[in-house]
Structures are given as C-alpha cells and as structure tokens.
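Shown here: coords-v2.pdb, PDB, C-alpha atoms.
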```pdb
ATOM      1  CA  MET P  12       0.000   0.000   0.000
ATOM      2  CA  LYS P  13       1.362   3.361  -1.003
ATOM      3  CA  ARG P  14       1.601   6.056   1.640
ATOM      4  CA  GLN P  15       1.450   9.754   1.016
ATOM      5  CA  TYR P  16       2.029  12.663   3.365
ATOM      6  CA  ARG P  17       0.542  16.076   2.732
ATOM      7  CA  ILE P  18       1.988  19.054   4.516
ATOM      8  CA  SER P  19      -0.246  21.979   5.223
ATOM      9  CA  PRO P  20       1.037  24.858   3.092
ATOM     10  CA  GLN P  21       0.754  27.308   5.953
ATOM     11  CA  ARG P  22       2.921  27.351   8.999
ATOM     12  CA  ASN P  23      -0.053  27.984  11.238
ATOM     13  CA  ASP P  24      -1.877  25.013  12.661
ATOM     14  CA  GLN P  25      -4.570  23.799  10.327
ATOM     15  CA  GLN P  26      -5.941  21.495  12.982
ATOM     16  CA  LEU P  27      -9.638  21.272  13.540
ATOM     17  CA  THR P  28     -10.784  23.499  16.347
ATOM     18  CA  GLU P  29     -12.476  22.104  19.435
ATOM     19  CA  ALA P  30     -15.723  23.765  18.329
ATOM     20  CA  GLU P  31     -15.578  21.958  14.968
ATOM     21  CA  ILE P  32     -14.961  18.627  16.664
ATOM     22  CA  ALA P  33     -17.671  19.266  19.255
ATOM     23  CA  ARG P  34     -20.247  19.289  16.442
ATOM     24  CA  PHE P  35     -19.617  15.570  15.985
ATOM     25  CA  ARG P  36     -19.639  14.647  19.659
ATOM     26  CA  ASP P  37     -22.804  12.688  20.282
ATOM     27  CA  PRO P  38     -22.869  10.473  23.394
ATOM     28  CA  LYS P  39     -26.582   9.730  22.914
ATOM     29  CA  ARG P  40     -25.939   8.180  19.506
ATOM     30  CA  LEU P  41     -23.123   6.113  20.999
ATOM     31  CA  LEU P  42     -25.372   4.820  23.761
ATOM     32  CA  PHE P  43     -28.137   4.076  21.259
ATOM     33  CA  ASN P  44     -25.695   2.122  19.061
ATOM     34  CA  TYR P  45     -24.368   0.317  22.111
ATOM     35  CA  GLU P  46     -27.838  -0.736  23.211
ATOM     36  CA  ASN P  47     -28.634  -1.945  19.711
ATOM     37  CA  ALA P  48     -25.413  -3.933  19.577
ATOM     38  CA  VAL P  49     -26.002  -5.507  22.980
ATOM     39  CA  ARG P  50     -29.641  -6.315  22.297
ATOM     40  CA  ARG P  51     -28.863  -8.009  19.003
ATOM     41  CA  PRO P  52     -28.127 -11.761  19.314
ATOM     42  CA  LYS P  53     -24.408 -12.205  19.263
ATOM     43  CA  ARG P  54     -24.425 -14.992  16.692
ATOM     44  CA  PRO P  55     -26.957 -15.547  13.976
ATOM     45  CA  ILE P  56     -28.968 -18.760  14.469
ATOM     46  CA  TYR P  57     -27.468 -20.448  11.435
ATOM     47  CA  LYS P  58     -23.970 -20.008  12.871
ATOM     48  CA  ASP P  59     -24.828 -21.787  16.136
ATOM     49  CA  PRO P  60     -24.366 -25.519  15.364
ATOM     50  CA  LYS P  61     -26.793 -26.805  18.029
ATOM     51  CA  THR P  62     -29.580 -24.447  17.077
ATOM     52  CA  PHE P  63     -28.906 -25.050  13.412
ATOM     53  CA  ILE P  64     -29.143 -28.858  13.780
ATOM     54  CA  GLY P  65     -32.293 -28.431  15.871
ATOM     55  CA  LEU P  66     -33.845 -26.289  13.150
ATOM     56  CA  VAL P  67     -32.879 -28.790  10.426
ATOM     57  CA  LEU P  68     -34.435 -31.643  12.461
ATOM     58  CA  ILE P  69     -37.659 -29.675  12.952
ATOM     59  CA  VAL P  70     -37.855 -28.942   9.215
ATOM     60  CA  LEU P  71     -37.161 -32.622   8.332
ATOM     61  CA  LEU P  72     -39.769 -33.822  10.829
ATOM     62  CA  ALA P  73     -42.309 -31.386   9.404
ATOM     63  CA  MET P  74     -41.533 -32.606   5.876
ATOM     64  CA  LEU P  75     -41.830 -36.241   6.961
ATOM     65  CA  LEU P  76     -45.170 -35.670   8.675
ATOM     66  CA  SER P  77     -46.424 -33.760   5.680
ATOM     67  CA  GLU P  78     -45.306 -36.578   3.354
ATOM     68  CA  ILE P  79     -46.998 -39.223   5.516
ATOM     69  CA  GLY P  80     -50.164 -37.169   5.622
ATOM     70  CA  HIS P  81     -50.038 -36.781   1.866
ATOM     71  CA  GLN P  82     -49.536 -40.539   1.263
ATOM     72  CA  GLN P  83     -52.414 -41.416   3.603
ATOM     73  CA  GLY P  84     -54.614 -39.038   1.640
ATOM     74  CA  GLU P  85     -53.756 -40.796  -1.634
ATOM     75  CA  HIS P  86     -54.030 -44.454  -0.399
ATOM     76  CA  PRO P  87     -56.569 -44.681   2.425
ATOM     77  CA  LYS P  88     -56.383 -48.015   4.349
ATOM     78  CA  SER P  89     -60.088 -48.677   4.841
ATOM     79  CA  GLY P  90     -61.232 -47.817   1.378
ATOM     80  CA  LYS P  91     -63.716 -45.377   2.844
ATOM     81  CA  GLY P  92     -62.243 -42.782   0.635
ATOM     82  CA  GLN P  93     -63.244 -44.681  -2.586
ATOM     83  CA  PRO P  94     -66.025 -43.081  -4.502
ATOM     84  CA  GLU P  95     -69.361 -44.854  -4.232
ATOM     85  CA  GLN P  96     -70.568 -46.502  -7.415
ATOM     86  CA  LEU P  97     -73.692 -45.086  -8.768
ATOM     87  CA  PRO P  98     -76.565 -47.528  -9.384
TER      88      PRO P  98
ATOM     89  CA  MET J  16      -8.611  13.773  33.624
ATOM     90  CA  ASP J  17      -5.871  12.505  35.935
ATOM     91  CA  GLN J  18      -5.082   8.830  36.411
ATOM     92  CA  GLN J  19      -7.209   8.375  39.529
ATOM     93  CA  GLN J  20     -10.200  10.056  37.935
ATOM     94  CA  GLU J  21      -9.683   7.957  34.830
ATOM     95  CA  GLU J  22      -9.556   4.717  36.811
ATOM     96  CA  ALA J  23     -12.694   5.706  38.713
ATOM     97  CA  ALA J  24     -14.470   6.557  35.452
ATOM     98  CA  ILE J  25     -13.436   3.213  33.934
ATOM     99  CA  ARG J  26     -14.685   1.282  36.973
ATOM    100  CA  ALA J  27     -17.978   3.186  36.872
ATOM    101  CA  ALA J  28     -18.406   2.513  33.146
ATOM    102  CA  GLN J  29     -17.534  -1.162  33.601
ATOM    103  CA  ALA J  30     -20.265  -1.421  36.226
ATOM    104  CA  ASP J  31     -22.772   0.571  34.198
ATOM    105  CA  PRO J  32     -22.240   1.333  30.488
ATOM    106  CA  GLN J  33     -24.577   4.322  30.814
ATOM    107  CA  ARG J  34     -21.710   5.986  32.689
ATOM    108  CA  PHE J  35     -19.275   5.793  29.798
ATOM    109  CA  ALA J  36     -19.949   9.456  28.897
ATOM    110  CA  PRO J  37     -17.063  11.009  30.926
ATOM    111  CA  LEU J  38     -14.543   8.785  29.115
ATOM    112  CA  TYR J  39     -16.150   9.593  25.776
ATOM    113  CA  GLU J  40     -16.038  13.315  26.507
ATOM    114  CA  ALA J  41     -12.439  13.151  27.689
ATOM    115  CA  TYR J  42     -11.024  11.305  24.680
ATOM    116  CA  PHE J  43     -13.339  12.146  21.810
ATOM    117  CA  SER J  44     -11.176  15.003  20.492
ATOM    118  CA  ALA J  45      -7.952  13.006  20.669
ATOM    119  CA  ILE J  46      -9.414  10.032  18.809
ATOM    120  CA  PHE J  47     -11.193  12.260  16.293
ATOM    121  CA  ARG J  48      -7.933  14.088  15.484
ATOM    122  CA  PHE J  49      -6.001  10.812  15.325
ATOM    123  CA  ILE J  50      -8.396   9.432  12.710
ATOM    124  CA  HIS J  51      -8.931  12.717  10.872
ATOM    125  CA  ARG J  52      -5.193  13.109  10.337
ATOM    126  CA  ARG J  53      -5.233   9.806   8.444
ATOM    127  CA  ILE J  54      -8.569  10.080   6.657
ATOM    128  CA  GLY J  55      -9.130  13.761   6.033
ATOM    129  CA  GLN J  56     -12.908  13.555   5.612
ATOM    130  CA  GLN J  57     -14.882  14.750   8.590
ATOM    131  CA  ASP J  58     -17.978  12.571   8.132
ATOM    132  CA  LEU J  59     -15.985   9.416   7.644
ATOM    133  CA  THR J  60     -13.776  10.362  10.581
ATOM    134  CA  ASN J  61     -16.892  10.767  12.683
ATOM    135  CA  ASP J  62     -18.178   7.312  11.693
ATOM    136  CA  LEU J  63     -14.871   5.651  12.507
ATOM    137  CA  THR J  64     -14.606   7.572  15.782
ATOM    138  CA  GLN J  65     -18.084   6.434  16.807
ATOM    139  CA  GLN J  66     -17.190   2.892  15.827
ATOM    140  CA  THR J  67     -14.010   3.092  17.914
ATOM    141  CA  PHE J  68     -15.918   4.191  21.007
ATOM    142  CA  LEU J  69     -18.636   1.615  20.425
ATOM    143  CA  LYS J  70     -16.037  -1.175  20.281
ATOM    144  CA  ALA J  71     -14.380   0.268  23.371
ATOM    145  CA  MET J  72     -17.721   0.208  25.218
ATOM    146  CA  LEU J  73     -18.402  -3.367  24.130
ATOM    147  CA  ALA J  74     -14.955  -4.529  25.223
ATOM    148  CA  LEU J  75     -14.643  -2.382  28.331
ATOM    149  CA  SER J  76     -15.286  -5.281  30.705
ATOM    150  CA  ASN J  77     -12.056  -6.870  29.415
ATOM    151  CA  PHE J  78      -9.981  -3.714  29.834
ATOM    152  CA  ARG J  79      -7.190  -3.896  32.413
ATOM    153  CA  SER J  80      -5.210  -0.713  32.952
ATOM    154  CA  ARG J  81      -1.752  -2.187  33.765
ATOM    155  CA  GLY J  82      -0.500   1.350  34.336
ATOM    156  CA  LEU J  83      -1.132   2.479  30.774
ATOM    157  CA  PRO J  84      -3.440   5.359  30.022
ATOM    158  CA  PHE J  85      -6.851   4.512  28.660
ATOM    159  CA  ARG J  86      -6.130   6.545  25.538
ATOM    160  CA  ALA J  87      -3.454   4.056  24.424
ATOM    161  CA  TRP J  88      -6.115   1.356  24.409
ATOM    162  CA  LEU J  89      -8.450   3.642  22.442
ATOM    163  CA  TYR J  90      -5.688   4.431  19.929
ATOM    164  CA  ARG J  91      -5.192   0.720  19.416
ATOM    165  CA  ILE J  92      -8.889   0.214  18.662
ATOM    166  CA  ALA J  93      -8.879   3.285  16.393
ATOM    167  CA  LEU J  94      -5.855   1.975  14.498
ATOM    168  CA  ASN J  95      -7.626  -1.348  13.955
ATOM    169  CA  GLU J  96     -10.637   0.527  12.603
ATOM    170  CA  LEU J  97      -8.351   2.461  10.273
ATOM    171  CA  ARG J  98      -6.673  -0.744   9.112
ATOM    172  CA  MET J  99     -10.065  -2.203   8.272
ATOM    173  CA  HIS J 100     -10.898   0.959   6.359
ATOM    174  CA  TRP J 101      -7.554   0.931   4.548
ATOM    175  CA  ARG J 102      -7.854  -2.720   3.562
ATOM    176  CA  LYS J 103      -9.657  -1.780   0.372
ATOM    177  CA  LYS J 104      -7.430   1.195  -0.417
ATOM    178  CA  LYS J 105      -4.376   1.160  -2.631
ATOM    179  CA  GLU J 106      -3.059   4.409  -1.280
ATOM    180  CA  ILE J 107      -3.357   6.094   2.075
ATOM    181  CA  SER J 108      -2.556   9.692   2.820
ATOM    182  CA  MET J 109      -1.887  11.587   6.003
ATOM    183  CA  ASP J 110      -2.367  15.289   6.540
ATOM    184  CA  LEU J 111       0.377  16.892   8.547
ATOM    185  CA  GLU J 112       0.804  20.332   9.946
ATOM    186  CA  TRP J 113       4.047  22.184   9.963
ATOM    187  CA  ALA J 114       4.210  22.093  13.749
ATOM    188  CA  GLN J 115       3.956  18.305  13.787
ATOM    189  CA  LEU J 116       6.971  17.944  11.532
ATOM    190  CA  GLU J 117       9.197  20.274  13.515
ATOM    191  CA  PRO J 118      10.164  17.813  16.283
ATOM    192  CA  LEU J 119      10.945  15.183  13.654
ATOM    193  CA  ALA J 120      13.059  17.649  11.659
ATOM    194  CA  GLU J 121      14.909  18.497  14.852
ATOM    195  CA  GLU J 122      15.459  14.819  15.643
ATOM    196  CA  CYS J 123      16.802  14.224  12.140
ATOM    197  CA  GLY J 124      19.014  17.313  12.316
ATOM    198  CA  VAL J 125      17.596  19.059   9.253
ATOM    199  CA  ALA J 126      16.554  22.679   8.875
ATOM    200  CA  GLN J 127      12.906  23.512   9.415
ATOM    201  CA  GLN J 128      12.423  24.827   5.906
ATOM    202  CA  GLU J 129       9.851  23.800   3.353
ATOM    203  CA  ALA J 130      12.298  21.864   1.148
ATOM    204  CA  GLU J 131      13.635  19.908   4.132
ATOM    205  CA  MET J 132      10.133  19.167   5.377
ATOM    206  CA  ARG J 133       9.257  17.764   1.947
ATOM    207  CA  MET J 134      12.376  15.616   2.096
ATOM    208  CA  ILE J 135      11.246  14.232   5.435
ATOM    209  CA  THR J 136       7.873  13.235   4.023
ATOM    210  CA  ASP J 137       9.641  11.676   1.010
ATOM    211  CA  GLY J 138      11.856   9.803   3.430
ATOM    212  CA  LEU J 139       8.835   8.546   5.359
ATOM    213  CA  GLN J 140       7.415   7.176   2.124
ATOM    214  CA  HIS J 141      10.610   5.191   1.661
ATOM    215  CA  LEU J 142      10.346   3.506   5.052
ATOM    216  CA  ASN J 143       8.430   0.295   5.355
ATOM    217  CA  GLU J 144       4.895   0.449   6.735
ATOM    218  CA  ASP J 145       5.785  -0.583  10.292
ATOM    219  CA  GLN J 146       8.622   1.910  10.550
ATOM    220  CA  ALA J 147       6.523   4.746   9.148
ATOM    221  CA  ARG J 148       3.730   3.915  11.597
ATOM    222  CA  LEU J 149       6.154   4.019  14.529
ATOM    223  CA  ILE J 150       7.320   7.491  13.532
ATOM    224  CA  GLU J 151       3.771   8.710  12.904
ATOM    225  CA  LEU J 152       2.583   7.544  16.313
ATOM    226  CA  ARG J 153       5.642   8.862  18.129
ATOM    227  CA  TYR J 154       6.075  12.242  16.459
ATOM    228  CA  PHE J 155       2.716  13.175  14.973
ATOM    229  CA  ASP J 156       0.416  11.656  17.602
ATOM    230  CA  GLU J 157       2.932  12.294  20.400
ATOM    231  CA  LEU J 158       2.551   8.912  22.070
ATOM    232  CA  SER J 159       4.996   7.781  24.747
ATOM    233  CA  PHE J 160       7.031   4.654  23.994
ATOM    234  CA  ALA J 161       4.897   2.682  26.456
ATOM    235  CA  GLU J 162       1.707   3.810  24.703
ATOM    236  CA  LEU J 163       3.236   3.223  21.310
ATOM    237  CA  GLY J 164       4.184  -0.302  22.329
ATOM    238  CA  HIS J 165       0.671  -0.957  23.559
ATOM    239  CA  VAL J 166      -0.911   0.346  20.360
ATOM    240  CA  LEU J 167       1.315  -1.797  18.165
ATOM    241  CA  GLY J 168       1.386  -4.822  20.442
ATOM    242  CA  LEU J 169       5.069  -4.437  21.383
ATOM    243  CA  GLY J 170       6.935  -4.014  24.627
ATOM    244  CA  GLU J 171       8.112  -0.528  25.568
ATOM    245  CA  ASP J 172      11.773  -1.358  24.943
ATOM    246  CA  ALA J 173      11.017  -2.962  21.587
ATOM    247  CA  ALA J 174       8.990   0.106  20.581
ATOM    248  CA  LYS J 175      11.881   2.385  21.575
ATOM    249  CA  MET J 176      14.458   0.300  19.741
ATOM    250  CA  ARG J 177      12.392   0.014  16.565
ATOM    251  CA  THR J 178      11.621   3.737  16.562
ATOM    252  CA  HIS J 179      15.325   4.561  16.851
ATOM    253  CA  ARG J 180      16.049   2.144  14.044
ATOM    254  CA  ALA J 181      13.373   3.768  11.867
ATOM    255  CA  LEU J 182      14.820   7.194  12.676
ATOM    256  CA  GLY J 183      18.246   5.908  11.685
ATOM    257  CA  GLN J 184      16.881   4.853   8.310
ATOM    258  CA  LEU J 185      15.195   8.211   7.868
ATOM    259  CA  ARG J 186      18.428  10.036   8.709
ATOM    260  CA  ALA J 187      20.312   7.828   6.258
ATOM    261  CA  TYR J 188      17.817   8.808   3.550
ATOM    262  CA  LEU J 189      18.084  12.506   4.396
ATOM    263  CA  LYS J 190      21.872  12.753   4.821
ATOM    264  CA  PRO J 191      22.929  12.783   1.153
ATOM    265  CA  ARG J 192      20.012  15.023   0.211
ATOM    266  CA  ALA J 193      20.156  17.682   2.936
TER     267      ALA J 193
END
```
Write the structure described by the file as structure tokens, please.
Amino acid sequence: MKRQYRISPQRNDQQLTEAEIARFRDPKRLLFNYENAVRRPKRPIYKDPKTFIGLVLIVLLAMLLSEIGHQQGEHPKSGKGQPEQLP
Amino acid sequence: MDQQQEEAAIRAAQADPQRFAPLYEAYFSAIFRFIHRRIGQQDLTNDLTQQTFLKAMLALSNFRSRGLPFRAWLYRIALNELRMHWRKKKEISMDLEWAQLEPLAEECGVAQQEAEMRMITDGLQHLNEDQARLIELRYFDELSFAELGHVLGLGEDAAKMRTHRALGQLRAYLKPRA
C-alpha cells in the first residue's frame, strides 16, 4: 500500500478546532448504538451448530409428517375414501 | 482527567455502560484528530470515531489498565478501525501540519524549511509500513514509547528500539540530500 504525506502549506496550525470537533460529539448516539449492539443476538442462528441442527431436524420432521399425511390421503387403508358406485 | 479520575471513570463505566460518557467526553477530540489526520474527511472520521468508542464500550469489561493510560487502548482500537478501512485502499494519505513535523526535523538534524520538510515526508514514504507507523505515532500523535508499544502490540523497549532504528533509516535517507 502506497503512503502519502501532505503538509499543510501554511505554517499555522490547520488542525480542527475544538468547536468543529464538538459538532460531531454525540454520546446519545453512541449509547443508542451500544444498546442496539447488545440487544442483538451475538451470533446468527445459522452459525450456532446446536440451534442449526435443531432447526434442520424440525424442518425434516415437518416434511416427513407432511409426506406421511399426503400418502395417507392418496391411499386410504379402509377404502372409505373410494367413490361410491352409482346404481 | 488525571489517572485516579480515569480509573474511577473506567470502573464506573464497567459497572454501568450508561456511565461511559465522561470517558467519551475526555477522549473524543484526541481520537477524532487521530483518525482525521489519516482520513481527512470529517464525516468518515466521525463514523470511525463512533465505531471506535462503540467497540471500546463493548470490550470495556475486558480492559485492564496495567499502568497504561486509557487513551493508548483507544488508539489501538482506532488503528484497527483504520486498518479495516484501509484494507480496500491502494493508497493512504496523512495530513500533517508544519508544527507536527518540527520535532521530527529536529530529531533528524535538518533545517525547518519547506524543502527539508518535503524531504522528510519523502523519506517517510521510503520507510516500510511498520517503521513509518512508529514514527507517525511517536512524532505526529505524540505517544509515549509505552503507549506506542501498547498500540502496536510491542513491549516498551522494543517500541523504543524500533523507533530509533526507523529514525536511523530516515536520517540515512536525508543525509545525502540535505
């Protein structure tokens, strides 16, 4: 990475004044950001292995139950689901 | 803020983050200037300064003074923020004032004239990144060797030795040109 140094052309200090810097000072914003950061879960769910596996199992179980339900709908055991023959 | 007041403020903020304000007020200007010198844009400087203080607040429970001023720890966080910002940049620039270069010119034994000052900045560009950073932190940010070591993750003696070595290289660059 290339570095460059710029010298202020004047001999007088070109530093920002305290009043200029004070415009940016905002402790309320800092506290607000802090509270947001603390409130937010530290790790997203998908990055926590236990929670992630738990979620995958729940989804698989739901799919399995749905599949079973679907198959039972297509092939009923008792034949009650067969359409009655018209005379 | 003297050391006792600082330690009391740190303890209070560690117990209750709502009481971080005195530390923020005490060091905001220093951190803002530190970042602004290396970034130049006020809005971006403000964002990085806020980010520095936010990270400091989040990590404050892990802070142990070990006799070093709190500002050294803040400078370290600020430098990490700057490094993250610089990661995508091919070139970084630093704004310097005449007064900041004077002690370095004196140390290198060159006249405090415009041509010599330009030579110093040319010389700094010829140093490697670590050496240039040592000189920046020591002469432009006016950090003590202990603080400098803390910011760069070195011991005080190592920081002193490496700074002297970097100064030696700078003098060697300047000697045939001055």
Counting only C-alpha atoms, chain J residues within 7 Å of chain P, as JSON, numbers by chain | {"J": [36, 44, 61, 65, 69, 105, 106, 107, 108, 109, 110, 111, 112, 113, 114, 136, 140]}
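Near J:Met99, within a cut-off of 12 Å and counting only C-alpha atoms, sit the residues J:Leu63, J:Gln66, J:Thr67, J:Ile92, J:Ala93, J:Leu94, J:Asn95, J:Lys103, J:Lys104, with same-chain residues fewer than 4 positions away left out.
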State, in Å with one decimal place, the distance from atom CA of J:Pro84 to atom CA of J:Met72.
-> 15.9 Å
What does the PyMOL selection byres ((chain J and resi 172-184) around 9) select in this file, as a PyMOL selection string?
-> chain J and resi 119+122-123+138+142-143+145-147+149-150+153+160-161+163-165+167+169-171+185-189
Would you compute an axis-aligned box for stretch 41-56 of chain P, covering every atom listed for it in the file with 3 Å of margin on each side, and report centre and edge lengths in Å to one decimal as lines of an AutoDock Vina configuration file?
```
center_x = -26.4
center_y = -6.3
center_z = 18.9
size_x = 12.5
size_y = 30.9
size_z = 15.8
```
J:Ala45 surroundings by all atoms listed in the file, 10 Å radius, close-in-sequence under 5 positions cut, as a list in words |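 Result of the neighbour search: Ile32 of chain P; Glu40, Ile50, His51, Thr64, Arg86, Leu89, Tyr90 and Asp156 of chain J.
Nearest to J:Ala120 of all the residues J:Phe85, J:Phe78, J:Phe47, J:Phe155 is J:Phe155, based on only C-alpha atoms.
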Do you have the atom CA of J:Glu144-atom CA of J:Gly124 distance handy?
->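 Computing the Euclidean distance for atom CA of J:Glu144 and atom CA of J:Gly124 yields 22.7 Å.
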Just the residues within 9 Å of stretch 66-79 of chain P, please, counting only C-alpha atoms, with nothing from its chain fewer than 5 positions along; format it as a list of chain:residue names.
-> P:Tyr57, P:Lys61, P:Gly84
Can you work out which one of J:Leu83, J:Ala27, J:Ile54, J:Leu38 has the shortest atom-to-atom distance to J:Leu158, counting all atoms listed in the file?
-> J:Leu83
So how many Å separate atom CA of J:Asp58 and atom CA of J:Leu139, to one decimal?
->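 Those two atoms sit 27.3 Å apart.
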Please write the residues picked by the PyMOL selection byres ((chain J and resi 28) around 12) on this file as a PyMOL selection string.
-> (chain P and resi 42) or (chain J and resi 21-27+29-39+71-78)
Restricting it to C-alpha atoms, dump the selection as a PDB file, in the coordinates of the input.
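Generated file (again.pdb):
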```pdb
ATOM      1  CA  LEU P  42     -25.372   4.820  23.761  1.00  0.00           C
TER       2      LEU P  42
ATOM      3  CA  GLU J  21      -9.683   7.957  34.830  1.00  0.00           C
ATOM      4  CA  GLU J  22      -9.556   4.717  36.811  1.00  0.00           C
ATOM      5  CA  ALA J  23     -12.694   5.706  38.713  1.00  0.00           C
ATOM      6  CA  ALA J  24     -14.470   6.557  35.452  1.00  0.00           C
ATOM      7  CA  ILE J  25     -13.436   3.213  33.934  1.00  0.00           C
ATOM      8  CA  ARG J  26     -14.685   1.282  36.973  1.00  0.00           C
ATOM      9  CA  ALA J  27     -17.978   3.186  36.872  1.00  0.00           C
ATOM     10  CA  GLN J  29     -17.534  -1.162  33.601  1.00  0.00           C
ATOM     11  CA  ALA J  30     -20.265  -1.421  36.226  1.00  0.00           C
ATOM     12  CA  ASP J  31     -22.772   0.571  34.198  1.00  0.00           C
ATOM     13  CA  PRO J  32     -22.240   1.333  30.488  1.00  0.00           C
ATOM     14  CA  GLN J  33     -24.577   4.322  30.814  1.00  0.00           C
ATOM     15  CA  ARG J  34     -21.710   5.986  32.689  1.00  0.00           C
ATOM     16  CA  PHE J  35     -19.275   5.793  29.798  1.00  0.00           C
ATOM     17  CA  ALA J  36     -19.949   9.456  28.897  1.00  0.00           C
ATOM     18  CA  PRO J  37     -17.063  11.009  30.926  1.00  0.00           C
ATOM     19  CA  LEU J  38     -14.543   8.785  29.115  1.00  0.00           C
ATOM     20  CA  TYR J  39     -16.150   9.593  25.776  1.00  0.00           C
ATOM     21  CA  ALA J  71     -14.380   0.268  23.371  1.00  0.00           C
ATOM     22  CA  MET J  72     -17.721   0.208  25.218  1.00  0.00           C
ATOM     23  CA  LEU J  73     -18.402  -3.367  24.130  1.00  0.00           C
ATOM     24  CA  ALA J  74     -14.955  -4.529  25.223  1.00  0.00           C
ATOM     25  CA  LEU J  75     -14.643  -2.382  28.331  1.00  0.00           C
ATOM     26  CA  SER J  76     -15.286  -5.281  30.705  1.00  0.00           C
ATOM     27  CA  ASN J  77     -12.056  -6.870  29.415  1.00  0.00           C
ATOM     28  CA  PHE J  78      -9.981  -3.714  29.834  1.00  0.00           C
TER      29      PHE J  78
END
```
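Of the listed residues (J:Met132, J:Lys70, J:Gln20, J:Glu151), J:Glu151 comes nearest to J:Arg52; the distances count only C-alpha atoms.
Ranking J:Arg98, J:Arg133, J:Lys190, J:Arg91 by their shortest atom-to-atom distance to J:Leu116, with only C-alpha atoms included, puts J:Arg133 first.
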